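**Student:** What follows is the file data_5.cif, containing mmCIF, C-alpha atoms and all ligand atoms:
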data_target
loop_
_atom_site.label_atom_id
_atom_site.label_comp_id
_atom_site.auth_asym_id
_atom_site.auth_seq_id
_atom_site.Cartn_x
_atom_site.Cartn_y
_atom_site.Cartn_z
CA MET A 265 140.64 79.04 85.36
CA LYS A 266 137.63 78.78 83.09
CA MET A 267 135.71 76.87 85.74
CA ARG A 268 136.50 79.57 88.23
CA LEU A 269 135.17 82.27 85.91
CA TRP A 270 131.94 80.33 85.49
CA THR A 271 131.67 79.93 89.23
CA ILE A 272 132.11 83.66 89.77
CA LEU A 273 129.60 84.43 87.03
CA PHE A 274 127.13 81.98 88.52
CA LEU A 275 127.62 83.40 92.01
CA SER A 276 127.19 87.00 90.91
CA LEU A 277 124.11 86.12 88.86
CA SER A 278 122.55 84.32 91.77
CA SER A 279 123.27 87.16 94.18
CA ALA A 280 121.68 89.59 91.71
CA ALA A 281 118.68 87.29 91.51
CA MET A 282 118.54 87.14 95.28
CA ALA A 283 118.67 90.90 95.53
CA LYS A 284 115.74 91.08 93.14
CA GLN A 285 113.89 88.40 95.02
CA SER A 286 114.36 90.11 98.35
CA ALA A 287 113.14 93.48 97.05
CA PRO A 288 110.01 94.30 99.02
CA LYS A 289 106.92 95.50 97.19
CA ASN A 290 106.09 98.00 99.93
CA ILE A 291 108.39 100.06 102.15
CA ILE A 292 107.09 101.70 105.31
CA PHE A 293 109.76 104.06 106.64
CA MET A 294 109.11 105.57 110.05
CA ILE A 295 111.14 108.35 111.67
CA GLY A 296 110.91 109.27 115.32
CA ASP A 297 112.26 112.82 115.19
CA GLY A 298 114.60 113.31 118.14
CA MET A 299 114.04 109.71 119.30
CA GLY A 300 117.42 108.87 120.82
CA VAL A 301 118.26 105.82 122.91
CA ALA A 302 117.32 107.76 126.06
CA GLN A 303 113.89 108.49 124.63
CA THR A 304 113.11 104.83 123.85
CA SER A 305 114.57 103.72 127.21
CA ALA A 306 112.51 106.29 129.11
CA TYR A 307 109.44 105.15 127.22
CA ARG A 308 110.03 101.53 128.30
CA TYR A 309 109.91 102.50 131.99
CA PHE A 310 107.08 104.96 131.40
CA GLN A 311 104.81 102.30 129.87
CA ASP A 312 105.81 99.55 132.30
CA ASP A 313 102.98 97.83 134.13
CA PRO A 314 103.76 98.52 137.83
CA ASN A 315 101.80 95.42 138.86
CA THR A 316 104.29 93.00 137.31
CA ALA A 317 107.81 92.29 138.54
CA ASP A 318 109.42 92.51 135.10
CA VAL A 319 109.76 95.61 132.98
CA GLU A 320 107.75 94.88 129.84
CA THR A 321 109.53 95.31 126.52
CA THR A 322 108.28 97.85 124.00
CA ILE A 323 107.71 97.48 120.27
CA PHE A 324 111.08 99.21 119.85
CA ASP A 325 112.86 96.56 121.95
CA GLN A 326 111.16 93.87 119.89
CA LEU A 327 112.19 95.31 116.51
CA LEU A 328 115.72 96.51 117.33
CA VAL A 329 118.30 95.46 114.71
CA GLY A 330 121.09 98.06 114.74
CA THR A 331 122.34 101.58 115.29
CA ALA A 332 123.25 104.56 113.12
CA ALA A 333 125.57 107.56 113.31
CA THR A 334 123.85 110.80 112.40
CA TYR A 335 126.58 113.46 111.83
CA PRO A 336 126.14 115.95 108.95
CA ALA A 337 128.57 116.62 106.05
CA ASP A 338 130.70 119.15 107.94
CA LYS A 339 132.70 118.72 111.17
CA THR A 340 130.01 119.98 113.55
CA VAL A 341 129.03 116.36 114.44
CA VAL A 342 125.54 117.45 115.57
CA THR A 343 122.97 117.18 112.78
CA ASP A 344 119.69 118.95 112.25
CA SER A 345 116.56 117.23 110.97
CA ALA A 346 116.98 118.45 107.38
CA ALA A 347 120.51 117.08 106.85
CA SER A 348 119.63 113.84 108.58
CA ALA A 349 116.34 113.26 106.74
CA THR A 350 118.15 114.02 103.45
CA ALA A 351 120.75 111.37 104.40
CA LEU A 352 117.93 108.89 105.04
CA SER A 353 115.94 109.76 101.90
CA THR A 354 118.87 109.99 99.42
CA GLY A 355 121.89 108.20 100.93
CA VAL A 356 124.00 111.38 100.73
CA LYS A 357 125.49 113.49 103.56
CA THR A 358 124.71 117.17 103.37
CA TYR A 359 124.77 120.38 105.41
CA ASN A 360 122.38 121.34 108.22
CA GLY A 361 119.31 123.01 106.76
CA ALA A 362 119.51 121.24 103.37
CA ILE A 363 116.28 119.77 101.99
CA GLY A 364 116.98 117.00 99.45
CA VAL A 365 120.08 118.75 98.07
CA ASP A 366 123.79 118.00 98.42
CA VAL A 367 126.56 120.26 99.79
CA ASN A 368 126.60 122.08 96.43
CA LYS A 369 122.82 122.63 96.68
CA LYS A 370 122.29 120.21 93.79
CA PRO A 371 119.00 118.22 93.93
CA LEU A 372 119.31 114.56 94.94
CA LYS A 373 116.99 111.71 93.97
CA THR A 374 114.90 110.60 96.98
CA ILE A 375 113.50 107.13 97.70
CA LEU A 376 109.97 108.57 97.48
CA GLU A 377 110.72 109.89 93.98
CA VAL A 378 112.19 106.54 92.94
CA ALA A 379 108.98 104.86 94.11
CA LYS A 380 106.83 107.28 92.09
CA HIS A 381 109.00 106.82 88.98
CA GLN A 382 108.34 103.08 89.31
CA GLY A 383 104.59 103.65 89.39
CA LYS A 384 104.27 102.90 93.10
CA GLY A 385 102.03 104.76 95.51
CA THR A 386 103.63 107.36 97.78
CA ALA A 387 102.55 108.88 101.08
CA ILE A 388 103.86 111.22 103.76
CA VAL A 389 102.44 111.41 107.26
CA SER A 390 103.70 113.72 110.01
CA SER A 391 102.53 115.48 113.17
CA SER A 392 104.45 118.60 112.14
CA GLN A 393 103.43 120.65 109.12
CA ILE A 394 103.89 118.37 106.10
CA ASN A 395 106.40 120.82 104.59
CA HIS A 396 108.60 120.71 107.72
CA ALA A 397 112.21 119.45 107.37
CA THR A 398 111.66 115.69 107.74
CA PRO A 399 108.82 115.08 105.25
CA ALA A 400 110.19 117.83 102.97
CA SER A 401 113.48 115.96 102.59
CA PHE A 402 111.56 113.13 100.88
CA MET A 403 109.35 115.39 98.75
CA ALA A 404 111.33 118.50 97.85
CA HIS A 405 114.67 120.06 96.96
CA ASN A 406 115.49 123.37 98.60
CA GLU A 407 118.66 124.96 99.86
CA TYR A 408 117.05 125.97 103.16
CA ARG A 409 114.47 124.27 105.36
CA ARG A 410 112.76 127.50 106.43
CA ASN A 411 111.65 128.36 102.87
CA TYR A 412 108.29 126.89 103.89
CA ASP A 413 106.18 128.52 101.17
CA GLN A 414 108.61 127.50 98.40
CA ILE A 415 108.70 123.96 99.75
CA ALA A 416 104.88 123.77 99.89
CA ASP A 417 104.70 125.14 96.33
CA SER A 418 107.10 122.48 95.10
CA TYR A 419 104.81 119.74 96.49
CA VAL A 420 102.29 120.84 93.86
CA ASP A 421 104.59 122.12 91.10
CA GLU A 422 107.18 119.32 90.89
CA ARG A 423 105.66 116.44 88.97
CA ILE A 424 106.66 112.90 88.10
CA ASN A 425 105.06 111.58 84.89
CA GLY A 426 102.74 114.59 85.07
CA LYS A 427 101.50 113.72 88.55
CA VAL A 428 101.98 115.25 92.01
CA LYS A 429 104.70 113.24 93.80
CA ALA A 430 102.60 112.09 96.76
CA ASP A 431 99.28 110.28 96.54
CA LEU A 432 98.55 110.97 100.19
CA MET A 433 99.72 113.74 102.54
CA LEU A 434 98.56 113.88 106.15
CA GLY A 435 99.72 116.30 108.85
CA GLY A 436 99.60 120.03 109.59
CA GLY A 437 100.26 123.12 107.50
CA THR A 438 97.20 125.13 106.36
CA ASP A 439 99.26 128.32 106.96
CA TYR A 440 101.50 127.30 104.05
CA PHE A 441 99.01 125.57 101.76
CA ILE A 442 96.18 128.12 101.96
CA ARG A 443 97.82 131.54 101.49
CA GLU A 444 96.82 134.96 100.17
CA ASP A 445 99.10 134.57 97.17
CA ARG A 446 98.33 130.94 96.44
CA ASN A 447 95.76 128.35 97.50
CA LEU A 448 97.53 125.02 97.00
CA ILE A 449 94.53 123.05 98.28
CA GLU A 450 92.36 124.47 95.47
CA GLU A 451 95.11 123.61 92.99
CA LEU A 452 95.31 120.07 94.35
CA ASN A 453 91.52 119.79 94.07
CA THR A 454 91.84 120.43 90.34
CA GLN A 455 94.38 117.58 90.26
CA GLY A 456 91.72 115.27 91.71
CA PHE A 457 92.77 115.43 95.35
CA SER A 458 90.23 115.07 98.15
CA TYR A 459 90.80 117.39 101.11
CA ILE A 460 89.94 117.01 104.80
CA ASP A 461 90.85 119.32 107.68
CA GLN A 462 89.59 117.40 110.75
CA LEU A 463 91.25 114.30 112.21
CA GLU A 464 87.73 112.94 112.81
CA GLN A 465 87.26 112.80 109.03
CA LEU A 466 90.13 110.31 108.55
CA HIS A 467 87.74 107.35 108.71
CA SER A 468 85.48 108.78 106.02
CA LEU A 469 88.39 109.35 103.63
CA LYS A 470 87.71 106.81 100.91
CA LYS A 471 89.87 107.59 97.90
CA LEU A 472 93.26 108.75 96.72
CA PRO A 473 94.86 111.08 95.92
CA ALA A 474 94.10 112.96 99.12
CA ILE A 475 95.51 115.58 101.45
CA GLY A 476 94.57 116.17 105.09
CA LEU A 477 95.82 119.24 106.95
CA PHE A 478 94.71 119.36 110.56
CA ALA A 479 96.41 122.47 111.99
CA PRO A 480 97.87 125.80 110.84
CA THR A 481 101.43 124.48 111.47
CA GLY A 482 102.18 121.44 113.64
CA LEU A 483 99.36 119.46 115.29
CA PRO A 484 98.79 120.13 119.03
CA PHE A 485 101.02 118.06 121.33
CA ALA A 486 99.68 114.55 122.00
CA ILE A 487 99.57 115.27 125.75
CA ASP A 488 97.29 118.29 125.18
CA ASN A 489 95.15 116.68 122.48
CA LYS A 490 92.63 115.05 124.82
CA ALA A 491 90.18 114.08 122.05
CA MET A 492 92.78 112.23 119.96
CA PRO A 493 96.22 112.00 121.60
CA ASN A 494 97.27 109.20 119.23
CA ARG A 495 96.92 111.20 116.04
CA VAL A 496 100.04 109.79 114.32
CA THR A 497 98.49 106.36 114.89
CA ALA A 498 95.16 107.49 113.44
CA MET A 499 96.85 108.95 110.35
CA THR A 500 98.98 105.80 109.97
CA GLU A 501 95.89 103.60 110.09
CA THR A 502 94.24 105.63 107.32
CA ALA A 503 97.41 105.68 105.23
CA LEU A 504 97.85 101.89 105.45
CA ARG A 505 94.19 101.30 104.57
CA LEU A 506 94.11 103.62 101.55
CA MET A 507 97.58 102.87 100.17
CA SER A 508 97.31 99.07 100.40
CA GLU A 509 93.91 99.20 98.72
CA LYS A 510 94.84 101.44 95.80
CA PHE A 511 98.37 100.13 95.21
CA SER A 512 97.86 96.43 95.90
CA ASP A 513 99.58 95.55 92.61
CA GLU A 514 102.28 98.23 92.32
CA GLY A 515 103.20 98.56 96.00
CA PHE A 516 103.89 101.76 97.89
CA PHE A 517 106.42 103.87 99.78
CA MET A 518 105.28 105.58 102.93
CA MET A 519 107.18 107.95 105.25
CA ILE A 520 105.59 108.32 108.67
CA GLU A 521 107.07 110.75 111.16
CA GLY A 522 106.54 111.14 114.89
CA SER A 523 107.63 114.77 114.55
CA GLN A 524 107.06 116.11 118.02
CA ILE A 525 109.15 113.74 120.13
CA ASP A 526 111.78 116.26 119.05
CA TRP A 527 109.71 119.35 119.89
CA CYS A 528 108.95 118.16 123.45
CA ALA A 529 112.64 117.36 123.96
CA HIS A 530 113.64 120.82 122.68
CA ALA A 531 111.30 122.12 125.40
CA ASN A 532 112.92 119.72 127.95
CA ASP A 533 109.38 118.60 128.78
CA ILE A 534 109.45 114.91 129.73
CA ALA A 535 105.70 114.22 130.04
CA CYS A 536 105.18 115.87 126.65
CA ALA A 537 107.90 113.64 125.14
CA MET A 538 106.46 110.45 126.64
CA ALA A 539 103.00 111.17 125.21
CA GLU A 540 104.60 111.61 121.78
CA MET A 541 106.52 108.34 122.24
CA LYS A 542 103.29 106.56 123.16
CA ASP A 543 101.57 107.77 119.98
CA PHE A 544 104.56 106.88 117.80
CA ALA A 545 104.92 103.43 119.43
CA SER A 546 101.31 102.57 118.68
CA ALA A 547 101.75 103.78 115.08
CA VAL A 548 104.79 101.46 114.82
CA GLN A 549 102.67 98.66 116.27
CA LEU A 550 100.09 99.14 113.48
CA ALA A 551 102.76 99.22 110.78
CA HIS A 552 104.31 96.08 112.24
CA GLU A 553 100.98 94.26 112.20
CA PHE A 554 100.55 95.27 108.54
CA THR A 555 104.07 93.98 107.80
CA GLN A 556 103.30 90.65 109.47
CA GLN A 557 100.14 90.27 107.37
CA ASN A 558 101.85 91.36 104.13
CA SER A 559 105.09 89.43 103.73
CA ASP A 560 106.19 91.54 100.76
CA THR A 561 106.54 94.61 103.00
CA LEU A 562 109.66 96.06 104.62
CA LEU A 563 109.29 98.17 107.76
CA VAL A 564 112.26 100.31 108.83
CA ILE A 565 112.14 102.65 111.81
CA THR A 566 114.86 105.00 113.01
CA ALA A 567 115.48 108.47 114.40
CA ASP A 568 117.10 111.37 112.60
CA HIS A 569 119.01 112.28 115.77
CA ALA A 570 118.54 112.51 119.54
CA THR A 571 117.29 115.71 121.18
CA GLY A 572 117.70 117.42 124.54
CA GLY A 573 120.56 115.28 125.82
CA LEU A 574 117.85 113.48 127.79
CA SER A 575 119.07 111.52 130.78
CA VAL A 576 116.81 108.90 132.37
CA GLY A 577 117.52 109.88 135.93
CA GLY A 578 119.33 113.04 136.95
CA LEU A 579 120.10 115.54 139.67
CA ASP A 580 122.41 113.05 141.47
CA ILE A 581 119.52 110.82 142.55
CA TYR A 582 119.53 107.09 141.71
CA GLU A 583 115.92 107.00 140.69
CA TRP A 584 113.70 107.93 137.73
CA ARG A 585 110.13 108.48 138.79
CA THR A 586 107.92 107.09 136.04
CA GLU A 587 104.78 107.22 138.17
CA VAL A 588 105.36 110.95 138.68
CA VAL A 589 105.81 111.50 134.93
CA ALA A 590 102.45 109.78 134.41
CA GLN A 591 100.76 112.30 136.73
CA ILE A 592 101.57 115.26 134.48
CA ASN A 593 98.62 115.92 132.17
CA SER A 594 99.62 119.01 130.16
CA SER A 595 102.63 120.34 128.32
CA VAL A 596 104.47 123.29 129.87
CA GLU A 597 103.56 125.19 126.70
CA VAL A 598 99.88 124.89 127.65
CA MET A 599 100.38 125.54 131.40
CA LEU A 600 102.63 128.56 130.95
CA PRO A 601 100.16 131.26 129.79
CA GLU A 602 97.85 130.37 132.70
CA PHE A 603 100.69 130.72 135.24
CA ILE A 604 101.74 134.02 133.66
CA GLN A 605 98.16 135.23 134.05
CA LEU A 606 98.21 134.17 137.70
CA SER A 607 101.54 135.90 138.35
CA ASN A 608 100.00 139.20 137.15
CA GLU A 609 97.22 138.77 139.69
CA GLN A 610 99.61 138.32 142.67
CA ALA A 611 98.01 135.00 143.47
CA SER A 612 97.88 133.28 146.85
CA ASP A 613 99.50 129.90 147.54
CA GLN A 614 96.08 128.29 147.35
CA GLN A 615 95.41 129.79 143.93
CA ILE A 616 98.77 128.59 142.66
CA GLN A 617 98.14 125.07 143.99
CA ALA A 618 94.68 125.08 142.43
CA LEU A 619 96.01 125.99 139.00
CA TRP A 620 98.80 123.42 139.37
CA SER A 621 96.31 120.65 140.15
CA LYS A 622 94.38 121.51 137.01
CA HIS A 623 97.39 120.15 135.05
CA VAL A 624 99.31 117.90 137.44
CA ASP A 625 98.06 115.12 139.76
CA PHE A 626 100.72 115.55 142.52
CA GLU A 627 100.93 118.59 144.81
CA LEU A 628 103.61 121.24 144.70
CA THR A 629 106.07 120.82 147.58
CA SER A 630 106.80 123.94 149.64
CA SER A 631 110.22 124.33 148.01
CA HIS A 632 108.66 124.04 144.56
CA LEU A 633 106.05 126.61 145.54
CA THR A 634 108.82 128.95 146.73
CA LEU A 635 110.66 128.48 143.43
CA LEU A 636 107.57 129.39 141.47
CA LYS A 637 106.82 132.44 143.64
CA GLU A 638 110.41 133.65 143.23
CA ALA A 639 109.88 133.46 139.47
CA PHE A 640 106.62 135.41 139.80
CA LYS A 641 108.50 138.10 141.77
CA LYS A 642 111.28 138.32 139.20
CA ALA A 643 108.73 138.65 136.41
CA ALA A 644 106.79 141.29 138.36
CA LYS A 645 109.96 143.40 138.73
CA SER A 646 110.05 143.86 134.97
CA GLY A 647 106.51 145.28 135.27
CA GLY A 648 105.36 143.26 132.26
CA LYS A 649 107.71 145.32 130.08
CA TRP A 650 109.51 142.26 128.76
CA PRO A 651 106.89 139.54 128.15
CA GLU A 652 109.64 137.29 126.77
CA MET A 653 111.54 137.57 130.04
CA THR A 654 108.38 136.74 132.00
CA GLN A 655 107.79 133.72 129.79
CA LYS A 656 111.34 132.53 130.20
CA VAL A 657 111.52 132.97 133.96
CA ILE A 658 108.17 131.34 134.75
CA GLY A 659 108.54 128.68 132.05
CA GLU A 660 111.99 127.69 133.33
CA SER A 661 110.69 127.41 136.90
CA LEU A 662 107.82 125.14 135.81
CA LEU A 663 110.30 122.93 133.95
CA ALA A 664 112.69 122.90 136.90
CA ILE A 665 109.88 121.70 139.17
CA LEU A 666 108.72 118.96 136.77
CA ASN A 667 112.25 117.73 136.06
CA ASP A 668 113.11 117.77 139.77
CA ALA A 669 109.92 115.92 140.70
CA THR A 670 110.58 113.22 138.09
CA LYS A 671 114.42 113.30 138.39
CA THR A 672 114.80 113.84 134.66
CA GLY A 673 118.05 115.29 133.26
CA TRP A 674 118.58 117.37 130.11
CA THR A 675 121.87 118.80 128.84
CA THR A 676 120.68 120.93 125.92
CA LYS A 677 117.69 122.63 124.34
CA GLY A 678 119.08 121.47 121.00
CA HIS A 679 120.10 118.16 119.44
CA ASN A 680 122.81 115.72 120.55
CA ALA A 681 124.93 113.46 118.38
CA ASP A 682 124.60 110.16 120.28
CA ASP A 683 123.95 107.31 117.84
CA VAL A 684 120.35 106.36 117.24
CA GLN A 685 118.75 102.94 116.96
CA VAL A 686 117.51 101.20 113.84
CA PHE A 687 114.49 98.92 113.98
CA ALA A 688 113.23 96.73 111.16
CA ALA A 689 110.86 93.92 110.27
CA GLY A 690 109.65 92.12 107.17
CA LYS A 691 111.26 91.52 103.79
CA GLY A 692 114.89 92.71 103.79
CA ALA A 693 114.97 93.66 107.49
CA THR A 694 118.29 91.87 108.09
CA LEU A 695 120.04 94.37 105.77
CA PHE A 696 119.82 96.93 108.56
CA ALA A 697 121.58 94.87 111.25
CA GLY A 698 124.60 96.20 113.12
CA PHE A 699 126.22 99.62 113.11
CA GLN A 700 125.69 101.83 110.08
CA ASN A 701 125.97 105.41 108.97
CA ASN A 702 122.62 107.17 108.45
CA ILE A 703 123.37 107.45 104.70
CA ASP A 704 123.70 103.64 104.57
CA ILE A 705 120.01 103.38 105.47
CA GLY A 706 119.09 105.58 102.49
CA LYS A 707 121.49 103.67 100.22
CA LYS A 708 120.06 100.30 101.22
CA LEU A 709 116.49 101.45 100.57
CA LEU A 710 117.47 102.81 97.14
CA GLN A 711 119.40 99.62 96.28
CA LEU A 712 116.45 97.44 97.23
CA TRP A 713 114.41 99.19 94.58
CA GLY A 714 117.20 99.00 92.03
CA SER A 715 118.37 102.59 92.23
CA LYS A 716 122.12 103.36 92.60
MG MG B 1 110.97 116.41 111.87
ZN ZN B 2 114.90 119.28 116.52
#
Is it possible to give me this structure as structure tokens?
Ligand SMILES: [Mg+2]
Ligand SMILES: [Zn+2]
**Tutor:**
Amino acid sequence: MKMRLWTILFLSLSSAAMAKQSAPKNIIFMIGDGMGVAQTSAYRYFQDDPNTADVETTIFDQLLVGTAATYPADKTVVTDSAASATALSTGVKTYNGAIGVDVNKKPLKTILEVAKHQGKGTAIVSSSQINHATPASFMAHNEYRRNYDQIADSYVDERINGKVKADLMLGGGTDYFIREDRNLIEELNTQGFSYIDQLEQLHSLKKLPAIGLFAPTGLPFAIDNKAMPNRVTAMTETALRLMSEKFSDEGFFMMIEGSQIDWCAHANDIACAMAEMKDFASAVQLAHEFTQQNSDTLLVITADHATGGLSVGGLDIYEWRTEVVAQINSSVEVMLPEFIQLSNEQASDQQIQALWSKHVDFELTSSHLTLLKEAFKKAAKSGGKWPEMTQKVIGESLLAILNDATKTGWTTKGHNADDVQVFAAGKGATLFAGFQNNIDIGKKLLQLWGSK
């Protein structure tokens, strides 16, 4: 009996020691917002080299370890980004719209806050505004995600050991950080923060703490950002460089979000979504290379939920036309105002084709042209009295043409509750194998750093 007790004691001591030993110094946590299984599958075919017989694997295929369920605390099954990011950052299920608070609106401790309490470096990177739901769920506590000004304020006002919670913040959001009533950038300057507002300045950023805001709200879509389509990658590169330099002893926690995979899928715009996937994949590639070179680093990548009910192939045709997707060079959001303008001018077929070829490398078929002209007619009937109706009618026809040409299916303009994938590499990666609940991911991260 005594022997057995000693054995148990020895075993539990050694497993505690192992847990300590396997605790990574750095955690890089990456979230593809809206990046469901269909999104990563579509991306595999999209980036395939047509000159080889095999379909090349992606970085996601290479790092796949498990899956996660994403449902929120109630019985709606379909989560929003706030509830899901809170699950990932705190290990607790909550209601849709909740930012770092539980179902009773009580603040929860986030993994980023745990890192800061331990003296580690902390960073958030996103292609949305940095106070949008996903990054906010790591940084803030608010009962409602759309309280953007309050959330931005709390980034500056809530301190840990007297210091702002994040050492580095990169993304969009000048509308919320530079306001009439409060200039948070000036306040951060007095706290020693450097500030940049152009992506081109990322390379010249030399010290922390720092904040970079590159757009009034979210950054332009990757597909439309011809100068720097891979802006999540560029921000990730800067974050890895600065954080590993400054926190080489203490380690760091970093949350990097590919925010707009979700936004393109809400728009049911496949080419837009693939450009976002491409940017996020190359950011993951960079983080993976860092993890390979720094064996004390854990890299975990997942999605908060899937979006759009994307189907790789649709419209009853057994084919998904990747080469057609690759010939679309603008988002519908960018094309739309130009087509609305043209519809007001009662344009000829040639004029419509000419505008189309400014954005798309394949020609409109005659049935697609008819569809578009029908939409123009419908919009004209309203006499410009309902600009929203015009937008909807012409926008929907552009989407219908693009989705028909590529044979892409969508079932919703919202989110869907299909499980998402979990990808991991580095120290502790095996912990994320198999099926898990999204809160398990948050719990495992917290446990690794001795919290909970
Ligand atoms: Mg998000
Ligand atoms: Zn969404």
**Student:** With distances taken over all atoms listed in the file, which residue among A:Leu477, A:Val596, A:Leu574, A:Ala397 lies nearest ligand MG 1 (chain B)?
**Tutor:**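 Under the stated criterion, the closest residue is A:Ala397.
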**Student:** Do a neighbour search on Asn593 in chain A at 8 Å with only C-alpha atoms, toss out local chain neighbours closer than 5 positions, and write the hits as a PDB file with C-alpha atoms, keeping the file's coordinate frame.
**Tutor:**
ATOM      1  CA  ILE A 487      99.570 115.270 125.750  1.00  0.00           C
ATOM      2  CA  ASP A 488      97.290 118.290 125.180  1.00  0.00           C
ATOM      3  CA  ALA A 535     105.700 114.220 130.040  1.00  0.00           C
ATOM      4  CA  HIS A 623      97.390 120.150 135.050  1.00  0.00           C
ATOM      5  CA  VAL A 624      99.310 117.900 137.440  1.00  0.00           C
ATOM      6  CA  ASP A 625      98.060 115.120 139.760  1.00  0.00           C
TER       7      ASP A 625
END
**Student:** Residues within 7 Å of ligand ZN 2 (chain B) should be enumerated using only C-alpha atoms and all ligand atoms and returned as a PyMOL selection string.
**Tutor:** chain A and resi 298+344-345+526-527+530+571+678-679
**Student:** Could you give me the residues within 9 Å of ligand MG 1 (chain B), counting all atoms listed in the file, as a VMD selection string?
**Tutor:** chain A and resid 295 to 298 345 to 346 349 390 to 392 396 to 399 521 to 527 568
**Student:** Please identify all polymer residues within 10 Å of Met507 in chain A, counting all atoms listed in the file, omitting same-chain residues fewer than 5 positions from it, and present them as number ranges by chain.
**Tutor:** A: 290, 384-387, 431-432, 471-473, 502, 512, 515-518
**Student:** So how far away is CA of Val657 in chain A from CA of Asp533 in chain A, in Å?
**Tutor:** 15.4 Å
**Student:** Nearest to Glu660 in chain A: which of A:Glu597, A:Asp683, A:Asp461, A:Asp325 is it, counting only C-alpha atoms?
**Tutor:**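 Selected residue with least distance to Glu660 in chain A: A:Glu597.
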**Student:** So what do you get for CA of Met541 in chain A versus CA of Arg308 in chain A, distance-wise?
**Tutor:**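 A separation of 9.8 Å between them.
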**Student:** Could you list, as a list in words, every residue within 9 Å of Leu562 in chain A, counting all atoms listed in the file and ignoring same-chain residues fewer than 6 positions away?
**Tutor:** Ala287, Pro288, Lys289, Asn290, Ile291, Ile292, Phe293, Thr555, Ala688, Ala689, Gly690, Lys691, Gly692 and Ala693 of chain A
**Student:** Just to confirm, what's the straight-line distance from CA of Leu469 in chain A to CA of Phe511 in chain A in Å (one decimal)?
**Tutor:**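 Going from CA of Leu469 in chain A over to CA of Phe511 in chain A covers 16.0 Å.
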